[in-house]
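K.L.:
Would you mind keeping the following structure in view while I ask a few things?
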Amino acid sequence: MAKKKFSKDWIHQHINDPYVKLAQQKGYRARAAFKLIEILDTEKLLKKGDVVVDLGSAPGSWSQVARERMVGPGGVVDGRIIALDLLPMEPIAGVEFFEGDFRDDEVLQELERRLGNRAVDLVISDMAPNLSGVGAADSARIQHVCDLALEFACAHLKPNGALIVKAFHGSGFSQIVQSFKQHFRRVVERKPKASRDKSSETFLVARDLKNPARQADDTVAG
């Protein structure tokens, strides 16, 4: 009975959510678009010509935001947006999407193949594992997803590149922050206005790698 009430409450909240209504008006696929917009505006990230990787992209609202900011004359994306997710995603003009589990080595290799030797300006990750309700197991899953995004970013970002990931306050959160600080010169927590008050989600924004792996490649490429 309680579960039924919770579902009704959630539906009522969702229907009356101003960000849900705004997303519908502006054509975004999810209210999450406004979380990324606020972070990008605050941090002054993402510009035309950038190479962006969107991890856990479905249904595509973050890729939509990235595309908006990178569209040049004639509606053509100036730069590159590569998106991937476990779930299928409706096509977005100018966004290269492929389906797969980022935790699988084969999928990671395909992402690297698509990038070629191009270093990345921005990695964005709205990935969240399926949560079981068991604290220890869930915190381990969250940490694993964040670690994967961090590992990819460290290997592929430009020296002054940035990483935005979704994390959750609770057990293991401080360890995630600490691991980010080991690799980046600047790490901040952001709780956008579009993030629901009851939600423990917090976005970490990490910038400027301490030991960039791509520096040599960029120098050689000129």
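Simple scheme: letters A, B, ... for chains in structure tokens order, numbers from 1 for residues in each chain, numbers from 1 for ligands in the order shown.
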Show me, as a Markdown table, the residues of range 11-53 of chain A having an atom within 8 Å of range 78-89 of chain A, each with the closest atom pair and its distance in Å, using only C-alpha atoms.
P.N.:
```
| residue | atom | partner | partner_atom | distance |
| --- | --- | --- | --- | --- |
| A:Lys48 | CA | A:Asp78 | CA | 5.4 |
| A:Gly49 | CA | A:Gly79 | CA | 3.8 |
| A:Asp50 | CA | A:Gly79 | CA | 4.9 |
| A:Val51 | CA | A:Arg80 | CA | 4.7 |
| A:Val52 | CA | A:Ile81 | CA | 4.8 |
| A:Val53 | CA | A:Ile82 | CA | 4.9 |
```
K.L.:
Point out the residue among A:Gln109, A:Thr42, A:Asn117, A:Ser200 with the least atom-to-atom distance to Phe152 in chain A, counting only C-alpha atoms.
P.N.:
A:Gln109
K.L.:
Determine, counting only C-alpha atoms, which protein, DNA and RNA residues have an atom within 9 Å of an atom of Lys193 in chain A; residues of the same chain fewer than 4 positions away are not included. Present the result as a ChimeraX atom specification.
P.N.:
/A:34-35,38,197
K.L.:
Could you list, as a VMD selection string, every residue within 7 Å of Leu163 in chain A, counting only C-alpha atoms and ignoring same-chain residues fewer than 3 positions away?
P.N.:
chain A and resid 122 to 124 153 205 to 207
K.L.:
Deliver the residues from the most recent selection as a file, using all heavy atoms, as a PDB file, in the first residue's frame.
P.N.:
```pdb
ATOM      1  N   LEU A 122      35.973  17.501 -23.037  1.00  0.00           N
ATOM      2  CA  LEU A 122      35.000  17.364 -21.949  1.00  0.00           C
ATOM      3  C   LEU A 122      34.382  15.975 -21.944  1.00  0.00           C
ATOM      4  O   LEU A 122      33.907  15.489 -22.976  1.00  0.00           O
ATOM      5  CB  LEU A 122      33.894  18.416 -22.102  1.00  0.00           C
ATOM      6  CG  LEU A 122      32.759  18.408 -21.073  1.00  0.00           C
ATOM      7  CD1 LEU A 122      33.268  18.748 -19.681  1.00  0.00           C
ATOM      8  CD2 LEU A 122      31.665  19.401 -21.476  1.00  0.00           C
ATOM      9  N   VAL A 123      34.416  15.334 -20.774  1.00  0.00           N
ATOM     10  CA  VAL A 123      33.715  14.064 -20.565  1.00  0.00           C
ATOM     11  C   VAL A 123      32.550  14.349 -19.625  1.00  0.00           C
ATOM     12  O   VAL A 123      32.744  14.930 -18.549  1.00  0.00           O
ATOM     13  CB  VAL A 123      34.632  12.983 -19.950  1.00  0.00           C
ATOM     14  CG1 VAL A 123      33.838  11.706 -19.650  1.00  0.00           C
ATOM     15  CG2 VAL A 123      35.799  12.666 -20.884  1.00  0.00           C
ATOM     16  N   ILE A 124      31.337  13.989 -20.051  1.00  0.00           N
ATOM     17  CA  ILE A 124      30.165  14.178 -19.196  1.00  0.00           C
ATOM     18  C   ILE A 124      29.537  12.815 -18.914  1.00  0.00           C
ATOM     19  O   ILE A 124      29.416  11.986 -19.814  1.00  0.00           O
ATOM     20  CB  ILE A 124      29.135  15.144 -19.834  1.00  0.00           C
ATOM     21  CG1 ILE A 124      28.741  14.711 -21.243  1.00  0.00           C
ATOM     22  CG2 ILE A 124      29.689  16.562 -19.861  1.00  0.00           C
ATOM     23  CD1 ILE A 124      27.692  15.606 -21.915  1.00  0.00           C
ATOM     24  N   ALA A 153      38.726   9.472 -18.457  1.00  0.00           N
ATOM     25  CA  ALA A 153      39.080  10.894 -18.562  1.00  0.00           C
ATOM     26  C   ALA A 153      40.589  11.094 -18.438  1.00  0.00           C
ATOM     27  O   ALA A 153      41.179  11.871 -19.198  1.00  0.00           O
ATOM     28  CB  ALA A 153      38.343  11.701 -17.499  1.00  0.00           C
ATOM     29  N   VAL A 205      32.720  18.198 -10.602  1.00  0.00           N
ATOM     30  CA  VAL A 205      33.347  18.811 -11.772  1.00  0.00           C
ATOM     31  C   VAL A 205      34.844  18.864 -11.509  1.00  0.00           C
ATOM     32  O   VAL A 205      35.309  19.529 -10.578  1.00  0.00           O
ATOM     33  CB  VAL A 205      32.801  20.234 -12.024  1.00  0.00           C
ATOM     34  CG1 VAL A 205      33.393  20.802 -13.306  1.00  0.00           C
ATOM     35  CG2 VAL A 205      31.276  20.236 -12.083  1.00  0.00           C
ATOM     36  N   ALA A 206      35.585  18.135 -12.325  1.00  0.00           N
ATOM     37  CA  ALA A 206      37.041  18.058 -12.161  1.00  0.00           C
ATOM     38  C   ALA A 206      37.710  18.683 -13.377  1.00  0.00           C
ATOM     39  O   ALA A 206      37.323  18.406 -14.517  1.00  0.00           O
ATOM     40  CB  ALA A 206      37.465  16.605 -12.012  1.00  0.00           C
ATOM     41  N   ARG A 207      38.718  19.536 -13.118  1.00  0.00           N
ATOM     42  CA  ARG A 207      39.376  20.248 -14.213  1.00  0.00           C
ATOM     43  C   ARG A 207      40.891  20.233 -14.047  1.00  0.00           C
ATOM     44  O   ARG A 207      41.403  20.230 -12.940  1.00  0.00           O
ATOM     45  CB  ARG A 207      38.899  21.701 -14.255  1.00  0.00           C
ATOM     46  CG  ARG A 207      37.405  21.838 -14.361  1.00  0.00           C
ATOM     47  CD  ARG A 207      36.961  23.272 -14.377  1.00  0.00           C
ATOM     48  NE  ARG A 207      37.310  23.936 -15.639  1.00  0.00           N
ATOM     49  CZ  ARG A 207      36.777  25.083 -16.027  1.00  0.00           C
ATOM     50  NH1 ARG A 207      35.908  25.697 -15.272  1.00  0.00           N
ATOM     51  NH2 ARG A 207      37.135  25.625 -17.168  1.00  0.00           N
TER      52      ARG A 207
END
```
K.L.:
Restricting the calculation to only C-alpha atoms, which member of A:Met70, A:Tyr19, A:Asp101, A:Gly94 is positioned closest to Ser195 in chain A?
P.N.:
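When distances to Ser195 in chain A are compared using only C-alpha atoms, the smallest one comes from A:Tyr19.
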K.L.:
Pick from A:Arg113, A:Arg31, A:Asp138, A:Glu43: nearest to Val65 in chain A, with only C-alpha atoms counted?
P.N.:
A:Arg31
K.L.:
Taking the chain letters and numbering used in this document, name the residues of chain A that DSSP puts in helix (DSSP H, G or I), as an mmCIF file with N, CA and C atoms, in the first residue's frame.
P.N.:
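Result file result.cif:
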```cif
data_model
loop_
_atom_site.group_PDB
_atom_site.id
_atom_site.type_symbol
_atom_site.label_atom_id
_atom_site.label_comp_id
_atom_site.auth_asym_id
_atom_site.auth_seq_id
_atom_site.Cartn_x
_atom_site.Cartn_y
_atom_site.Cartn_z
ATOM 1 N N ALA A 2 1.929 1.214 0.834
ATOM 2 C CA ALA A 2 2.840 2.366 0.924
ATOM 3 C C ALA A 2 3.517 2.621 -0.413
ATOM 4 N N LYS A 3 3.857 1.513 -1.104
ATOM 5 C CA LYS A 3 4.530 1.629 -2.395
ATOM 6 C C LYS A 3 3.610 2.322 -3.408
ATOM 7 N N LYS A 4 2.321 1.954 -3.365
ATOM 8 C CA LYS A 4 1.347 2.550 -4.275
ATOM 9 C C LYS A 4 1.237 4.053 -4.026
ATOM 10 N N LYS A 5 1.203 4.422 -2.742
ATOM 11 C CA LYS A 5 1.118 5.836 -2.366
ATOM 12 C C LYS A 5 2.361 6.586 -2.861
ATOM 13 N N PHE A 6 3.520 5.941 -2.672
ATOM 14 C CA PHE A 6 4.770 6.559 -3.127
ATOM 15 C C PHE A 6 4.720 6.811 -4.627
ATOM 16 N N SER A 7 4.213 5.849 -5.386
ATOM 17 C CA SER A 7 4.133 5.990 -6.833
ATOM 18 C C SER A 7 3.230 7.156 -7.221
ATOM 19 N N LYS A 8 2.082 7.255 -6.534
ATOM 20 C CA LYS A 8 1.162 8.365 -6.803
ATOM 21 C C LYS A 8 1.810 9.707 -6.470
ATOM 22 N N ASP A 9 2.498 9.746 -5.339
ATOM 23 C CA ASP A 9 3.190 10.975 -4.936
ATOM 24 C C ASP A 9 4.230 11.370 -5.969
ATOM 25 N N TRP A 10 4.984 10.364 -6.443
ATOM 26 C CA TRP A 10 6.045 10.638 -7.417
ATOM 27 C C TRP A 10 5.440 11.166 -8.718
ATOM 28 N N ILE A 11 4.358 10.531 -9.160
ATOM 29 C CA ILE A 11 3.700 10.954 -10.403
ATOM 30 C C ILE A 11 3.189 12.386 -10.264
ATOM 31 N N HIS A 12 2.566 12.673 -9.121
ATOM 32 C CA HIS A 12 2.038 14.017 -8.868
ATOM 33 C C HIS A 12 3.174 15.051 -8.893
ATOM 34 N N GLN A 13 4.285 14.707 -8.222
ATOM 35 C CA GLN A 13 5.440 15.609 -8.174
ATOM 36 C C GLN A 13 6.022 15.817 -9.576
ATOM 37 N N HIS A 14 6.092 14.722 -10.343
ATOM 38 C CA HIS A 14 6.675 14.775 -11.676
ATOM 39 C C HIS A 14 5.837 15.660 -12.604
ATOM 40 N N ILE A 15 4.517 15.454 -12.552
ATOM 41 C CA ILE A 15 3.619 16.211 -13.420
ATOM 42 C C ILE A 15 3.694 17.710 -13.116
ATOM 43 N N PRO A 18 8.293 22.020 -12.362
ATOM 44 C CA PRO A 18 8.490 23.085 -13.363
ATOM 45 C C PRO A 18 9.557 22.734 -14.400
ATOM 46 N N TYR A 19 10.565 21.946 -13.984
ATOM 47 C CA TYR A 19 11.622 21.579 -14.936
ATOM 48 C C TYR A 19 11.137 20.556 -15.954
ATOM 49 N N VAL A 20 10.192 19.712 -15.545
ATOM 50 C CA VAL A 20 9.590 18.764 -16.495
ATOM 51 C C VAL A 20 8.820 19.550 -17.555
ATOM 52 N N LYS A 21 8.045 20.532 -17.106
ATOM 53 C CA LYS A 21 7.264 21.358 -18.029
ATOM 54 C C LYS A 21 8.179 22.162 -18.962
ATOM 55 N N LEU A 22 9.246 22.698 -18.387
ATOM 56 C CA LEU A 22 10.189 23.498 -19.169
ATOM 57 C C LEU A 22 10.904 22.633 -20.211
ATOM 58 N N ALA A 23 11.249 21.399 -19.807
ATOM 59 C CA ALA A 23 11.910 20.475 -20.738
ATOM 60 C C ALA A 23 10.993 20.174 -21.925
ATOM 61 N N GLN A 24 9.708 19.992 -21.631
ATOM 62 C CA GLN A 24 8.736 19.732 -22.702
ATOM 63 C C GLN A 24 8.628 20.933 -23.635
ATOM 64 N N GLN A 25 8.608 22.134 -23.057
ATOM 65 C CA GLN A 25 8.506 23.356 -23.866
ATOM 66 C C GLN A 25 9.705 23.534 -24.782
ATOM 67 N N LYS A 26 10.879 23.235 -24.259
ATOM 68 C CA LYS A 26 12.114 23.487 -25.010
ATOM 69 C C LYS A 26 12.556 22.296 -25.857
ATOM 70 N N ALA A 33 18.521 17.941 -18.504
ATOM 71 C CA ALA A 33 19.198 18.930 -19.359
ATOM 72 C C ALA A 33 19.562 20.174 -18.562
ATOM 73 N N PHE A 34 18.667 20.594 -17.669
ATOM 74 C CA PHE A 34 18.881 21.844 -16.933
ATOM 75 C C PHE A 34 19.986 21.718 -15.882
ATOM 76 N N LYS A 35 20.239 20.498 -15.437
ATOM 77 C CA LYS A 35 21.356 20.277 -14.506
ATOM 78 C C LYS A 35 22.675 20.562 -15.230
ATOM 79 N N LEU A 36 22.793 20.013 -16.432
ATOM 80 C CA LEU A 36 24.028 20.220 -17.191
ATOM 81 C C LEU A 36 24.174 21.683 -17.604
ATOM 82 N N ILE A 37 23.082 22.308 -18.030
ATOM 83 C CA ILE A 37 23.130 23.714 -18.449
ATOM 84 C C ILE A 37 23.680 24.584 -17.322
ATOM 85 N N GLU A 38 23.175 24.380 -16.099
ATOM 86 C CA GLU A 38 23.635 25.191 -14.967
ATOM 87 C C GLU A 38 25.116 24.951 -14.671
ATOM 88 N N ILE A 39 25.537 23.691 -14.737
ATOM 89 C CA ILE A 39 26.946 23.366 -14.468
ATOM 90 C C ILE A 39 27.850 23.996 -15.536
ATOM 91 N N LEU A 40 27.475 23.863 -16.789
ATOM 92 C CA LEU A 40 28.275 24.431 -17.883
ATOM 93 C C LEU A 40 28.374 25.948 -17.770
ATOM 94 N N ASP A 41 27.253 26.591 -17.416
ATOM 95 C CA ASP A 41 27.247 28.052 -17.275
ATOM 96 C C ASP A 41 28.115 28.489 -16.101
ATOM 97 N N THR A 42 27.987 27.787 -14.978
ATOM 98 C CA THR A 42 28.753 28.139 -13.775
ATOM 99 C C THR A 42 30.246 27.947 -13.994
ATOM 100 N N GLU A 43 30.594 26.849 -14.653
ATOM 101 C CA GLU A 43 32.005 26.495 -14.835
ATOM 102 C C GLU A 43 32.597 27.048 -16.139
ATOM 103 N N SER A 61 19.264 13.945 -23.288
ATOM 104 C CA SER A 61 19.139 15.381 -22.985
ATOM 105 C C SER A 61 20.494 16.062 -22.831
ATOM 106 N N TRP A 62 21.487 15.365 -22.277
ATOM 107 C CA TRP A 62 22.812 15.989 -22.145
ATOM 108 C C TRP A 62 23.466 16.159 -23.509
ATOM 109 N N SER A 63 23.285 15.186 -24.391
ATOM 110 C CA SER A 63 23.809 15.319 -25.752
ATOM 111 C C SER A 63 23.112 16.458 -26.486
ATOM 112 N N GLN A 64 21.817 16.640 -26.216
ATOM 113 C CA GLN A 64 21.080 17.760 -26.825
ATOM 114 C C GLN A 64 21.687 19.102 -26.406
ATOM 115 N N VAL A 65 21.994 19.228 -25.124
ATOM 116 C CA VAL A 65 22.588 20.474 -24.606
ATOM 117 C C VAL A 65 23.953 20.707 -25.249
ATOM 118 N N ALA A 66 24.766 19.642 -25.307
ATOM 119 C CA ALA A 66 26.092 19.767 -25.923
ATOM 120 C C ALA A 66 25.963 20.210 -27.378
ATOM 121 N N ARG A 67 25.028 19.601 -28.095
ATOM 122 C CA ARG A 67 24.834 19.945 -29.509
ATOM 123 C C ARG A 67 24.430 21.417 -29.662
ATOM 124 N N GLU A 68 23.508 21.867 -28.827
ATOM 125 C CA GLU A 68 23.057 23.267 -28.885
ATOM 126 C C GLU A 68 24.220 24.242 -28.819
ATOM 127 N N ARG A 69 25.176 23.914 -27.960
ATOM 128 C CA ARG A 69 26.287 24.843 -27.721
ATOM 129 C C ARG A 69 27.390 24.725 -28.757
ATOM 130 N N MET A 70 27.321 23.702 -29.592
ATOM 131 C CA MET A 70 28.387 23.472 -30.559
ATOM 132 C C MET A 70 27.924 23.632 -31.997
ATOM 133 N N PRO A 73 27.153 27.583 -38.180
ATOM 134 C CA PRO A 73 26.289 27.997 -39.289
ATOM 135 C C PRO A 73 25.729 26.783 -40.042
ATOM 136 N N GLY A 74 24.482 26.880 -40.426
ATOM 137 C CA GLY A 74 23.856 25.787 -41.182
ATOM 138 C C GLY A 74 23.433 24.614 -40.323
ATOM 139 N N GLY A 75 23.493 24.798 -39.001
ATOM 140 C CA GLY A 75 23.042 23.734 -38.104
ATOM 141 C C GLY A 75 23.995 22.557 -37.993
ATOM 142 N N ASP A 105 35.180 -4.027 -21.756
ATOM 143 C CA ASP A 105 36.406 -3.628 -22.444
ATOM 144 C C ASP A 105 36.182 -3.403 -23.943
ATOM 145 N N GLU A 106 35.370 -4.274 -24.565
ATOM 146 C CA GLU A 106 35.123 -4.162 -26.013
ATOM 147 C C GLU A 106 34.456 -2.832 -26.355
ATOM 148 N N VAL A 107 33.532 -2.420 -25.496
ATOM 149 C CA VAL A 107 32.823 -1.156 -25.728
ATOM 150 C C VAL A 107 33.786 0.017 -25.568
ATOM 151 N N LEU A 108 34.627 -0.055 -24.560
ATOM 152 C CA LEU A 108 35.626 0.989 -24.335
ATOM 153 C C LEU A 108 36.592 1.076 -25.522
ATOM 154 N N GLN A 109 36.969 -0.071 -26.053
ATOM 155 C CA GLN A 109 37.859 -0.097 -27.218
ATOM 156 C C GLN A 109 37.199 0.527 -28.443
ATOM 157 N N GLU A 110 35.883 0.281 -28.595
ATOM 158 C CA GLU A 110 35.151 0.880 -29.716
ATOM 159 C C GLU A 110 35.099 2.398 -29.578
ATOM 160 N N LEU A 111 34.912 2.870 -28.349
ATOM 161 C CA LEU A 111 34.909 4.312 -28.093
ATOM 162 C C LEU A 111 36.268 4.905 -28.437
ATOM 163 N N GLU A 112 37.323 4.229 -28.034
ATOM 164 C CA GLU A 112 38.682 4.701 -28.331
ATOM 165 C C GLU A 112 38.954 4.685 -29.835
ATOM 166 N N ARG A 113 38.428 3.668 -30.518
ATOM 167 C CA ARG A 113 38.610 3.575 -31.972
ATOM 168 C C ARG A 113 37.950 4.770 -32.663
ATOM 169 N N ARG A 114 36.757 5.128 -32.194
ATOM 170 C CA ARG A 114 36.029 6.243 -32.793
ATOM 171 C C ARG A 114 36.751 7.574 -32.546
ATOM 172 N N LEU A 115 37.355 7.687 -31.388
ATOM 173 C CA LEU A 115 38.093 8.914 -31.078
ATOM 174 C C LEU A 115 39.352 9.041 -31.916
ATOM 175 N N GLY A 135 22.998 -0.571 1.160
ATOM 176 C CA GLY A 135 23.965 0.528 1.204
ATOM 177 C C GLY A 135 25.351 0.193 0.695
ATOM 178 N N ALA A 136 25.959 -0.848 1.245
ATOM 179 C CA ALA A 136 27.344 -1.193 0.898
ATOM 180 C C ALA A 136 27.469 -1.572 -0.570
ATOM 181 N N ALA A 137 26.514 -2.356 -1.062
ATOM 182 C CA ALA A 137 26.555 -2.787 -2.459
ATOM 183 C C ALA A 137 26.357 -1.593 -3.399
ATOM 184 N N ASP A 138 25.412 -0.715 -3.052
ATOM 185 C CA ASP A 138 25.125 0.439 -3.897
ATOM 186 C C ASP A 138 26.303 1.409 -3.952
ATOM 187 N N SER A 139 26.929 1.669 -2.800
ATOM 188 C CA SER A 139 28.060 2.602 -2.792
ATOM 189 C C SER A 139 29.217 2.045 -3.620
ATOM 190 N N ALA A 140 29.390 0.720 -3.592
ATOM 191 C CA ALA A 140 30.448 0.098 -4.397
ATOM 192 C C ALA A 140 30.151 0.246 -5.885
ATOM 193 N N ARG A 141 28.878 0.096 -6.261
ATOM 194 C CA ARG A 141 28.486 0.244 -7.674
ATOM 195 C C ARG A 141 28.675 1.677 -8.150
ATOM 196 N N ILE A 142 28.267 2.623 -7.318
ATOM 197 C CA ILE A 142 28.417 4.041 -7.658
ATOM 198 C C ILE A 142 29.895 4.383 -7.831
ATOM 199 N N GLN A 143 30.702 3.907 -6.888
ATOM 200 C CA GLN A 143 32.139 4.191 -6.943
ATOM 201 C C GLN A 143 32.763 3.583 -8.195
ATOM 202 N N HIS A 144 32.307 2.393 -8.564
ATOM 203 C CA HIS A 144 32.848 1.718 -9.743
ATOM 204 C C HIS A 144 32.565 2.533 -11.009
ATOM 205 N N VAL A 145 31.345 3.017 -11.147
ATOM 206 C CA VAL A 145 30.962 3.821 -12.314
ATOM 207 C C VAL A 145 31.785 5.112 -12.372
ATOM 208 N N CYS A 146 31.945 5.762 -11.225
ATOM 209 C CA CYS A 146 32.746 7.002 -11.169
ATOM 210 C C CYS A 146 34.209 6.724 -11.493
ATOM 211 N N ASP A 147 34.722 5.606 -10.991
ATOM 212 C CA ASP A 147 36.117 5.233 -11.259
ATOM 213 C C ASP A 147 36.350 4.999 -12.752
ATOM 214 N N LEU A 148 35.376 4.353 -13.408
ATOM 215 C CA LEU A 148 35.504 4.093 -14.843
ATOM 216 C C LEU A 148 35.553 5.403 -15.637
ATOM 217 N N ALA A 149 34.679 6.333 -15.263
ATOM 218 C CA ALA A 149 34.661 7.641 -15.945
ATOM 219 C C ALA A 149 35.965 8.381 -15.697
ATOM 220 N N LEU A 150 36.452 8.307 -14.457
ATOM 221 C CA LEU A 150 37.714 8.953 -14.090
ATOM 222 C C LEU A 150 38.887 8.361 -14.871
ATOM 223 N N GLU A 151 38.922 7.044 -14.944
ATOM 224 C CA GLU A 151 40.003 6.351 -15.649
ATOM 225 C C GLU A 151 40.019 6.730 -17.132
ATOM 226 N N PHE A 152 38.824 6.764 -17.726
ATOM 227 C CA PHE A 152 38.724 7.144 -19.140
ATOM 228 C C PHE A 152 39.180 8.587 -19.342
ATOM 229 N N ALA A 153 38.726 9.472 -18.457
ATOM 230 C CA ALA A 153 39.080 10.894 -18.562
ATOM 231 C C ALA A 153 40.589 11.094 -18.438
ATOM 232 N N CYS A 154 41.194 10.429 -17.491
ATOM 233 C CA CYS A 154 42.644 10.571 -17.284
ATOM 234 C C CYS A 154 43.428 10.138 -18.517
ATOM 235 N N ALA A 155 42.922 9.160 -19.233
ATOM 236 C CA ALA A 155 43.625 8.636 -20.410
ATOM 237 C C ALA A 155 43.377 9.459 -21.668
ATOM 238 N N HIS A 156 42.244 10.185 -21.718
ATOM 239 C CA HIS A 156 41.848 10.798 -22.987
ATOM 240 C C HIS A 156 41.651 12.306 -22.974
ATOM 241 N N PHE A 173 31.286 8.336 -0.764
ATOM 242 C CA PHE A 173 31.361 9.596 -1.513
ATOM 243 C C PHE A 173 32.696 10.307 -1.306
ATOM 244 N N SER A 174 33.146 10.365 -0.063
ATOM 245 C CA SER A 174 34.405 11.071 0.222
ATOM 246 C C SER A 174 35.588 10.398 -0.474
ATOM 247 N N GLN A 175 35.513 9.066 -0.620
ATOM 248 C CA GLN A 175 36.594 8.351 -1.327
ATOM 249 C C GLN A 175 36.604 8.715 -2.807
ATOM 250 N N ILE A 176 35.405 8.878 -3.382
ATOM 251 C CA ILE A 176 35.317 9.271 -4.794
ATOM 252 C C ILE A 176 35.939 10.647 -4.987
ATOM 253 N N VAL A 177 35.583 11.594 -4.113
ATOM 254 C CA VAL A 177 36.130 12.956 -4.193
ATOM 255 C C VAL A 177 37.653 12.916 -4.062
ATOM 256 N N GLN A 178 38.130 12.129 -3.128
ATOM 257 C CA GLN A 178 39.568 12.034 -2.887
ATOM 258 C C GLN A 178 40.306 11.493 -4.114
ATOM 259 N N SER A 179 39.718 10.476 -4.751
ATOM 260 C CA SER A 179 40.375 9.905 -5.934
ATOM 261 C C SER A 179 40.403 10.910 -7.080
ATOM 262 N N PHE A 180 39.362 11.744 -7.197
ATOM 263 C CA PHE A 180 39.342 12.786 -8.226
ATOM 264 C C PHE A 180 40.424 13.825 -7.937
ATOM 265 N N LYS A 181 40.585 14.169 -6.675
ATOM 266 C CA LYS A 181 41.582 15.180 -6.300
ATOM 267 C C LYS A 181 43.011 14.700 -6.518
ATOM 268 N N GLN A 182 43.195 13.409 -6.551
ATOM 269 C CA GLN A 182 44.531 12.864 -6.824
ATOM 270 C C GLN A 182 44.942 13.106 -8.271
ATOM 271 N N HIS A 183 43.939 13.240 -9.141
ATOM 272 C CA HIS A 183 44.223 13.345 -10.578
ATOM 273 C C HIS A 183 43.990 14.730 -11.166
ATOM 274 N N GLN A 215 49.330 14.842 -23.298
ATOM 275 C CA GLN A 215 50.140 16.026 -23.593
ATOM 276 C C GLN A 215 51.089 15.781 -24.762
ATOM 277 N N ALA A 216 51.754 14.610 -24.741
ATOM 278 C CA ALA A 216 52.724 14.292 -25.793
ATOM 279 C C ALA A 216 52.037 14.211 -27.142
ATOM 280 N N ASP A 217 50.828 13.588 -27.176
ATOM 281 C CA ASP A 217 50.093 13.438 -28.442
ATOM 282 C C ASP A 217 49.765 14.808 -29.028
ATOM 283 N N ASP A 218 49.295 15.720 -28.155
ATOM 284 C CA ASP A 218 48.904 17.034 -28.623
ATOM 285 C C ASP A 218 50.105 17.805 -29.181
ATOM 286 N N THR A 219 51.259 17.636 -28.522
ATOM 287 C CA THR A 219 52.466 18.332 -28.974
ATOM 288 C C THR A 219 52.893 17.830 -30.339
ATOM 289 N N VAL A 220 52.849 16.494 -30.512
ATOM 290 C CA VAL A 220 53.255 15.899 -31.781
ATOM 291 C C VAL A 220 52.299 16.339 -32.897
ATOM 292 N N ALA A 221 50.973 16.368 -32.529
ATOM 293 C CA ALA A 221 49.969 16.722 -33.524
ATOM 294 C C ALA A 221 50.076 18.209 -33.910
#
```
K.L.:
Using DSSP on the backbone coordinates, identify all residues within range 14-101 of chain A classified as strand (DSSP E); present the result as a compact mmCIF listing (two decimals) with N, CA, C and O atoms, in the first residue's frame.
P.N.:
```txt
# COMPACT_ATOMS: atom_id res chain seq x y z
N VAL A 51 35.75 18.47 -28.42
CA VAL A 51 35.45 17.05 -28.53
C VAL A 51 34.83 16.63 -27.21
O VAL A 51 35.43 16.80 -26.15
N VAL A 52 33.58 16.13 -27.27
CA VAL A 52 32.83 15.79 -26.06
C VAL A 52 32.45 14.31 -26.08
O VAL A 52 32.02 13.79 -27.12
N VAL A 53 32.60 13.65 -24.95
CA VAL A 53 32.15 12.26 -24.80
C VAL A 53 31.06 12.23 -23.73
O VAL A 53 31.27 12.70 -22.61
N ASP A 54 29.89 11.70 -24.09
CA ASP A 54 28.73 11.63 -23.19
C ASP A 54 28.52 10.17 -22.79
O ASP A 54 28.06 9.35 -23.60
N LEU A 55 28.86 9.85 -21.56
CA LEU A 55 28.74 8.48 -21.05
C LEU A 55 27.39 8.30 -20.37
O LEU A 55 27.01 9.10 -19.53
N ARG A 80 32.91 17.66 -32.07
CA ARG A 80 32.49 16.26 -32.13
C ARG A 80 31.84 15.85 -30.83
O ARG A 80 32.34 16.16 -29.75
N ILE A 81 30.71 15.14 -30.93
CA ILE A 81 30.03 14.61 -29.76
C ILE A 81 29.86 13.11 -29.97
O ILE A 81 29.18 12.68 -30.92
N ILE A 82 30.46 12.32 -29.09
CA ILE A 82 30.30 10.87 -29.13
C ILE A 82 29.55 10.45 -27.87
O ILE A 82 29.96 10.79 -26.75
N ALA A 83 28.45 9.74 -28.05
CA ALA A 83 27.61 9.34 -26.92
C ALA A 83 27.45 7.82 -26.91
O ALA A 83 27.43 7.18 -27.96
N LEU A 84 27.34 7.26 -25.71
CA LEU A 84 27.08 5.83 -25.61
C LEU A 84 26.22 5.53 -24.38
O LEU A 84 26.21 6.28 -23.41
N ASP A 85 25.50 4.42 -24.48
CA ASP A 85 24.65 4.00 -23.37
C ASP A 85 24.30 2.53 -23.54
O ASP A 85 24.35 1.98 -24.65
N VAL A 95 25.26 14.02 -33.44
CA VAL A 95 25.76 13.24 -32.30
C VAL A 95 26.00 11.80 -32.75
O VAL A 95 25.11 11.16 -33.31
N GLU A 96 27.22 11.31 -32.53
CA GLU A 96 27.54 9.92 -32.87
C GLU A 96 27.21 9.05 -31.67
O GLU A 96 27.86 9.14 -30.64
N PHE A 97 26.20 8.21 -31.81
CA PHE A 97 25.79 7.35 -30.70
C PHE A 97 26.07 5.90 -31.03
O PHE A 97 25.88 5.45 -32.16
N PHE A 98 26.54 5.16 -30.02
CA PHE A 98 26.55 3.71 -30.17
C PHE A 98 26.16 3.06 -28.84
O PHE A 98 26.38 3.62 -27.77
N GLU A 99 25.54 1.90 -28.98
CA GLU A 99 24.95 1.22 -27.83
C GLU A 99 25.94 0.22 -27.24
O GLU A 99 26.57 -0.54 -27.97
```
K.L.:
Kindly indicate which residue among A:Phe184, A:Arg190, A:Gly161, A:Phe203 lies nearest to Leu45 in chain A, using only C-alpha atoms for the distances.
P.N.:
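Of the candidates, the smallest distance to Leu45 in chain A is held by A:Gly161.
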K.L.:
Smallest atom-to-atom distance to Ile92 in chain A: which of A:Arg118, A:Gly60, A:Ala194, A:Leu209, using only C-alpha atoms?
P.N.:
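The answer is A:Gly60, which sits nearest to Ile92 in chain A.
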